[in-house]
Every structure is written in C-alpha cells, then in structure tokens.
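Novice: Okay, here's the structure, questions in a sec.
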Amino acid sequence: MGSWSSIEISDYLAIWPDITFDTIANNEVTRWKITYKYDDYIGDNGETIEGAEIKTLYVRGNTRIPDIVYDNTIDESTIVRNPTTRYEYSFGEHAYGYYVENSGWKAQNTDEHFTEMPLATRNMVIETYFTKTPRRYQVKWYMRRNDPSSLVKTSTGFVEYGGGEGLEAPTIAEIHAAGQDTAIINSLSNGTVRYSIFKGWETLPIEIHPSANDTAYNIYADWETSSDIALGDLFNDTTSLTPEQLFVYAHMSPEERTSYAGLDKIDLSK
C-alpha cells in the first residue's frame, strides 16, 4: 500500500483479523480518526436521545477536517431530525436557501457551531449542529371531545409552544353564535332528568403544551353533570323558577309539564 497510518491498520484488523498489509518503509503518515455523529438531544418526555454515528474519516494530521456536507461527501437531505412538540430542527444555518459552510458541525458537548473546521491533531468526535425553531400551533376551543362539529373558536394566529397568554377564551355569546349550547339534556325519561351545565374551560390558553403529532392545541369545555333527578323533586317549589328549572321545563313534553311541574302555560319567550 502507498501512504498508510497505524490507526487505519489497527481499525482494519479489528474488522478483518486475517488481512495482510504490504507497506512501504518510511511511507507512514499520521492520520487521525474523525467520527461524525448526531448530537444528543432531549426528547418530548425529558429523556436524552443519543445521536447515531454518521460517518468516519481518517484525516491526515494537521490538515483541516472537512465539512462532509459542504464538500458533497454526503447529501444534506440525509441529515434530519424529527420535530419534537417544542421545536422544529434544520441542519446548520442557511443563507439565501443555501447551507452555510461549517455551520452544521460542532465540537462534542458544546453548543456553538464551528465557524471554521478544526485541524486534525487527535482522534475527534464531530457532532451535528441543528438550528431550533419553536413550533407554532393554532388554539381551538371545543364544547365536546372527539366532536369536530362542536368547534366554537380558532385563534386567528399561531402561538409558540409555551405561549398563549394574550389569547381570550370564547364568551357565552360566541358559544351561542357558533350554534352551541351551554346546557344540554343527557336524558329525560320515566320521570327523571340528567343534564349538564357549561362551567367554563378545562384550561386557560397559557403555556400551551400540545402532545406529540398534534397540529393544534385543543381546549375543551368543562361541564358539570347532575345526577338523575326526579322531575317531581326538581319542581317541588315553582314559586320562583330557577334557570335549571326553566331549562328542563323547555325540554319537557306537555304531559310531563302537567304531571311533574303542575305547570303547562309558562311563557318561555320572556
């Protein structure tokens, strides 16, 4: 073989123990093992995700370690990181749509990318550098889970993960304008009724934290549901009708109104 280095030979022997080398005397050169790998990062559940190896080169001593993306040794499109709920990732930095030389690599366990690739003076691990962009989500308010038709309001803009303090939840007027009810009858039969009353929203639109693969942050109505109530008990006192009594009364049949409320001519338009 022509120029050779002891580190290359030892690595080759580790893979192919029976290989034989014919070397030229006085033709040994110093080369250092440069390992390119993904940097470790924190996943959605707070776990450390270890970066896999990308490529290994043997670089002649005191020469510049190459940027293997900029010199087209590997294609930039192959170096990707899937987004987390918090961030989108892009390899290195870009100007006018083009990758900026050296910007996709950094020394191991550091936070800043190289402005110039270092000289090969020892065995080194070179890690990827990804630009992080906070993910942005629309916020949507629903009256019921798993029911797209119960949508009340969608934020006009997109909100960064962890933001949302400036958003305002839908008002009662907006809920009604969206064709949604703030009180519903769950069951009304055999002289009993069960109903739910809208009490507000399960969470405020602050510090939004969507789950993995969500494209929006959904907020759902908070309902208070009654037990099964006997209509006779509900209308035991009708001297001053409560909102609950009026609501249930509006859904009762004429026979139920007479039988359980003793009322059949309340003017509900007032």
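The chains in the structure tokens are called A, B, ... from first to last as shown; in each chain the residues are counted from 1, and the ligands are counted from 1 in the order shown.
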What are the nearest atom pairs, with distances in Å to one decimal, for all residues of stretch 24-87 of chain A that come at most 10 Å from stretch 105-115 of chain A, using only C-alpha atoms, set out by chain and rising residue number as a Markdown table?

Specialist:
```
| residue | atom | partner | partner_atom | distance |
| --- | --- | --- | --- | --- |
| A:Tyr36 | CA | A:Trp105 | CA | 8.7 |
| A:Lys37 | CA | A:Gln108 | CA | 9.3 |
| A:Tyr38 | CA | A:Trp105 | CA | 9.3 |
| A:Asp39 | CA | A:Gln108 | CA | 7.6 |
| A:Asp40 | CA | A:Asn109 | CA | 8.7 |
| A:Asp67 | CA | A:Trp105 | CA | 7.8 |
| A:Ile68 | CA | A:Trp105 | CA | 9.7 |
| A:Val69 | CA | A:Trp105 | CA | 9.6 |
```

Novice: Write a file of the selected residues as a CSV table (one decimal), in the first residue's frame, keeping C-alpha atoms.

Specialist:
```csv
chain,number,residue,atom,x,y,z
A,36,TYR,CA,-19.1,12.4,12.6
A,37,LYS,CA,-22.3,11.8,14.6
A,38,TYR,CA,-25.6,13.3,15.6
A,39,ASP,CA,-25.5,15.3,18.8
A,40,ASP,CA,-27.6,14.1,21.7
A,67,ASP,CA,-17.2,19.6,6.2
A,68,ILE,CA,-18.6,16.5,4.6
A,69,VAL,CA,-21.9,18.2,3.7
```

Novice: Write out as a list in words the residues lying within 8 Å of A:Thr131, counting only C-alpha atoms and excluding same-chain residues fewer than 3 positions away.

Specialist: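 Contacts, with the query itself left out: Tyr89, Ser90, Phe91, Gly92 and Glu93 of chain A.
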
Novice: Hey, can you spit out that residue selection with N, CA and C atoms as a tab-separated table (two decimals), in the first residue's frame?

Specialist:
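This went into out.tsv:
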```
chain	number	residue	atom	x	y	z
A	89	TYR	N	-36.42	21.29	13.65
A	89	TYR	CA	-34.96	21.31	13.54
A	89	TYR	C	-34.54	21.38	12.07
A	90	SER	N	-33.50	22.16	11.82
A	90	SER	CA	-32.90	22.18	10.50
A	90	SER	C	-31.39	22.13	10.66
A	91	PHE	N	-30.74	21.35	9.80
A	91	PHE	CA	-29.30	21.15	9.92
A	91	PHE	C	-28.55	22.43	9.58
A	92	GLY	N	-27.69	22.87	10.51
A	92	GLY	CA	-26.85	24.03	10.27
A	92	GLY	C	-27.63	25.32	10.10
A	93	GLU	N	-27.03	26.24	9.40
A	93	GLU	CA	-27.65	27.52	9.08
A	93	GLU	C	-27.67	27.71	7.57
```

Novice: Please determine, counting only C-alpha atoms, which residue among A:Leu231, A:Ile65, A:Val80, A:Val152 has the shortest atom-to-atom distance to A:Ser187.

Specialist: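 Closest residue, counting only C-alpha atoms: A:Leu231.
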
Novice: What's around stretch 251-256 of chain A at 10 Å? Count only C-alpha atoms, leave out sequence neighbours fewer than 3 positions away in its own chain, and write the answer as number ranges by chain.

Specialist: A: 184-185, 188-191, 193, 231-232, 246-248, 259-265

Novice: When distances are computed from only C-alpha atoms, which of A:Ala169, A:Ala221, A:Ile208, A:Ile229 shows the smallest separation from A:Tyr195?

Specialist: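 Among A:Ala169, A:Ala221, A:Ile208, A:Ile229, it is A:Ile229 that comes nearest to A:Tyr195.
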
Novice: Check stretch 212-259 of chain A with DSSP on the backbone and list each residue it calls alpha helix (DSSP H), as an MDAnalysis selection string.

Specialist: chainID A and resid 231:234 243:251 254:256

Novice: Counting only C-alpha atoms, which residues in stretch 143-174 of chain A sit no more than 8 Å from stretch 178-182 of chain A? For each one, give the nearest pair of atoms and the distance in Å, sorted by chain then residue number, as a tab-separated table.

Specialist:
```
residue	atom	partner	partner_atom	distance
A:Met143	CA	A:Gln180	CA	7.5
A:Ser150	CA	A:Gln180	CA	6.8
A:Leu151	CA	A:Ala178	CA	7.7
A:Val152	CA	A:Ala178	CA	5.5
A:Lys153	CA	A:Ala178	CA	8.0
A:Ile172	CA	A:Thr182	CA	7.7
A:Glu174	CA	A:Ala178	CA	6.1
```

Novice: Out of stretch 37-193 of chain A, which residues get strand (DSSP E or B) from DSSP, as a ChimeraX atom specification?

Specialist: /A:37,41-42,48-49,53-60,64,87-92,94-95,98-99,105-107,119,124-128,130-134,136-142,151-154,159-160,183-189,192-193

Novice: Quick one: of A:Asn218, A:Thr35, A:Asn236, A:Thr225, who's nearest to A:Pro148, counting only C-alpha atoms?

Specialist: A:Asn218

Novice: Would you mind reading off the distance between atom CA of A:Ala183 and atom CA of A:Asp222, one decimal, in Å?

Specialist: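 Atom-to-atom, atom CA of A:Ala183 to atom CA of A:Asp222, that is 11.3 Å.
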
Novice: Do you have the atom CA of A:Tyr161-atom CA of A:Thr128 distance handy?

Specialist: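 Here the two named atoms are 24.1 Å from each other.
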
Novice: Name the residues in contact with A:Ile34 at a cut-off of 10 Å, using only C-alpha atoms, excluding same-chain residues fewer than 4 positions from it; report them as a list in words.

Specialist: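 Result of the neighbour search: Lys55, Thr56, Leu57, Tyr58, Val59, Ile65, Pro66, Ala120, Arg122, Asn123, Met124, Val125 and Ile126 of chain A.
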
Novice: Check the smallest atom-to-atom distance from each of A:Tyr87, A:Glu165, A:Thr258, A:Ala173 to A:Phe235 using only C-alpha atoms, then report the winner.

Specialist: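 For A:Phe235, the nearest of the given residues is A:Thr258.
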
Novice: Determine the nearest neighbour of A:Asn146 from the options A:Thr63, A:Thr238, A:Tyr220, A:Tyr249, counting only C-alpha atoms.

Specialist: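 Looking at the shortest contact to A:Asn146, the residue is A:Tyr220.
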
Novice: Please compute the atom CA of A:Leu241-atom CA of A:Glu202 distance, one decimal, in Å.

Specialist: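 Value for the atom CA of A:Leu241-atom CA of A:Glu202 distance: 29.2 Å.
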
Novice: Between A:Asn186, A:Thr171, A:Tyr217, A:Val139, which is the closest to A:Lys199 once you count only C-alpha atoms?

Specialist: A:Thr171
